[in-house]
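Report on one structure; see the data block that follows.
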Amino acid sequence: MTARIAIFSDIHANLPAMEAVANHIQAGAYDGVYCLGDIGGYASQPNEVQALIQGLGCPTILGNYDEGVGFNLGDCGCHYVKPFDIEMSNISFLWTRDHTTDQNKTWLRALPRDLRLEIEGRELLLCHGSPVSTTEYLFENRSDGYLRQFTAGGKHDAQAEVIVFGHTHVPYHRIVAGVNFVNTGSVGRPKDGDPRAGYCVLTISGEAVEAVQIRVEYAVETACERLVEAGLPSYFAEYLRTGGQVTIPV
């Protein structure tokens, strides 16, 4: 038997992108659909995105942004280093925290930090950042040695054959020590130079695990116009247009 599941993450309040991905997923007749969190941030429609995801009825886990907003924390836990990135992150987070309804914050606080599934005899772990933290970045250039800590016998053995996560906004699929590490990319704020919305399709069988990144065209300019009208920095709009390849002002 073979199972096909759709997994998406990091929507970041970009409703036009989430609508396009939801329509694409609903036309795909998948065996399961899952959301790996980070519903708000950087764009202007966190509540509308949350309503859409709730309408899909798909299991959803807690992202670092969801945690910060839901629990009214002081920041999103993004761990930026450059002053400009820190400033933009703070503007985004405080705006999102202030514009997310109390009812939606209650829903966010109830989200689990991870999900464990068994599909076609394979153990899957779905998380946002890494198996140990919503804020840890498993970048595409992490060494095999670093990822090996989450495999059998490692310090943080995740006890899974497939680990699926988001957070970095750059999709990839690597196999380390027999474990499939799959990054879903980002629906609403890609950082890989491709502005199209992204989600991941996992095809799981007894023989192999295949991960394919799906890219979907959406009304980028609509998202840009809405966030600027809401008073968010125009930098966020240019970020969407360039797929994260915007020049940082000096």
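All residue names refer to the structure tokens as shown: chains lettered A, B, ... in order, residues numbered from 1 in each chain, ligands numbered from 1 in order.
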Practice item. Write out as a ChimeraX atom specification each polymer residue whose atoms come within 8 Å of region 23-37 of chain A, counting only C-alpha atoms; drop sequence neighbours fewer than 4 positions from it. Key: /A:3-11,19,58-66,126-128,165-166,216
Could those residues be written to a file, using C-alpha atoms, as a compact mmCIF listing (two decimals), in the first residue's frame?
# COMPACT_ATOMS: atom_id res chain seq x y z
CA ALA A 3 -0.16 6.72 1.38
CA ARG A 4 0.08 10.34 0.23
CA ILE A 5 -0.13 13.10 2.82
CA ALA A 6 0.07 16.88 2.46
CA ILE A 7 1.95 18.87 5.10
CA PHE A 8 2.21 22.65 5.25
CA SER A 9 3.82 25.13 7.61
CA ASP A 10 4.73 28.77 8.21
CA ILE A 11 1.71 30.56 6.76
CA GLU A 19 -6.22 30.09 0.19
CA CYS A 58 -6.50 19.30 9.79
CA PRO A 59 -4.40 18.41 12.86
CA THR A 60 -2.22 21.41 13.71
CA ILE A 61 0.80 21.78 15.98
CA LEU A 62 2.29 24.72 17.85
CA GLY A 63 4.85 26.88 16.07
CA ASN A 64 7.14 29.32 17.84
CA TYR A 65 5.04 32.26 16.62
CA ASP A 66 1.85 30.58 17.80
CA LEU A 126 5.79 16.06 12.98
CA CYS A 127 7.26 19.11 14.74
CA HIS A 128 7.79 22.78 14.00
CA PHE A 165 9.37 20.12 10.27
CA GLY A 166 9.27 23.71 9.03
CA VAL A 216 1.52 27.25 -6.03
Practice item. Please report, as number ranges by chain, each residue of region 88-141 of chain A to which DSSP assigns strand (DSSP E) when run on this structure's backbone. Key: A: 115-119, 122-126
Exercise for review: For Gly231 (chain A), please output as number ranges by chain all residues within 10 Å (counting only C-alpha atoms; exclusion window: fewer than 5 positions along the same chain).
Suggested key: A: 44, 95, 226
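We find CA of Val164 (chain A) and CA of Thr2 (chain A) to be spaced 18.0 Å apart.
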Exercise for review: Write out as a PyMOL selection string the residues lying within 8 Å of Lys105 (chain A), counting only C-alpha atoms and excluding same-chain residues fewer than 6 positions away.
Suggested key: chain A and resi 69-71
Check your understanding: Which residues, written as a VMD selection string, have at least one atom at most 6 Å from region 122-125 of chain A, with only C-alpha atoms counted and residues fewer than 3 positions away on the same chain left out?
Key -> chain A and resid 115 to 119 160 to 163
Point to revise | Contact residues around Thr151 (chain A) with only C-alpha atoms at 7 Å, ignoring same-chain residues under 5 positions, as a PyMOL selection string | key: chain A and resi 157-159+177+179
Review point. In terms of the shortest atom-to-atom distance over only C-alpha atoms, which of A:Tyr42, A:Asp85, A:Leu147, A:Glu120 is closest to Thr203 (chain A)?
Key: A:Glu120
Exercise for review: Might you pull out every residue within 12 Å of His169 (chain A), with only C-alpha atoms counted and same-chain residues fewer than 5 positions away left off, and present them as a PyMOL selection string?
Suggested key: chain A and resi 8-12+36-38+128-129+137-140+182-200+213+243-244
For the residues in that selection, give me C-alpha atoms as a short mmCIF file (atom, residue, chain, number, x, y, z; two decimals), in the first residue's frame.
data_model
loop_
_atom_site.label_atom_id
_atom_site.label_comp_id
_atom_site.auth_asym_id
_atom_site.auth_seq_id
_atom_site.Cartn_x
_atom_site.Cartn_y
_atom_site.Cartn_z
CA PHE A 8 2.21 22.65 5.25
CA SER A 9 3.82 25.13 7.61
CA ASP A 10 4.73 28.77 8.21
CA ILE A 11 1.71 30.56 6.76
CA HIS A 12 2.52 33.79 8.57
CA LEU A 36 3.06 22.46 11.38
CA GLY A 37 2.28 25.88 12.78
CA ASP A 38 3.35 29.53 12.59
CA HIS A 128 7.79 22.78 14.00
CA GLY A 129 11.46 23.53 14.64
CA TYR A 137 16.41 25.80 13.17
CA LEU A 138 17.28 22.61 11.28
CA PHE A 139 18.79 24.52 8.38
CA GLU A 140 19.46 22.77 5.09
CA VAL A 182 11.91 16.61 5.58
CA ASN A 183 11.47 20.38 5.65
CA THR A 184 8.09 21.45 4.29
CA GLY A 185 9.11 24.96 3.19
CA SER A 186 6.68 27.83 3.77
CA VAL A 187 3.19 28.66 2.60
CA GLY A 188 3.26 32.37 3.25
CA ARG A 189 6.87 33.55 3.50
CA PRO A 190 9.33 31.47 1.45
CA LYS A 191 13.03 32.26 1.83
CA ASP A 192 14.43 30.23 -1.08
CA GLY A 193 14.04 32.88 -3.78
CA ASP A 194 10.78 31.45 -5.12
CA PRO A 195 7.84 33.68 -4.10
CA ARG A 196 5.21 31.01 -4.78
CA ALA A 197 3.47 29.39 -1.83
CA GLY A 198 4.90 26.01 -0.87
CA TYR A 199 3.82 22.81 0.80
CA CYS A 200 5.13 19.25 0.95
CA GLN A 213 7.80 20.29 -2.69
CA GLY A 243 10.95 35.02 -2.00
CA GLY A 244 13.13 36.29 0.84
#
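For the residues A:Leu52, A:Val209, A:Arg241, A:Tyr235, ranking by smallest atom-to-atom distance to Ala223 (chain A) using only C-alpha atoms places A:Arg241 first.
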Practice item. Enumerate, as a VMD selection string, the complete set of residues in region 6-240 of chain A that a backbone-based DSSP assignment places in helix (DSSP H, G or I). Key: chain A and resid 15 to 26 46 to 56 64 to 70 83 to 99 102 to 109 144 to 150 220 to 229 234 to 240
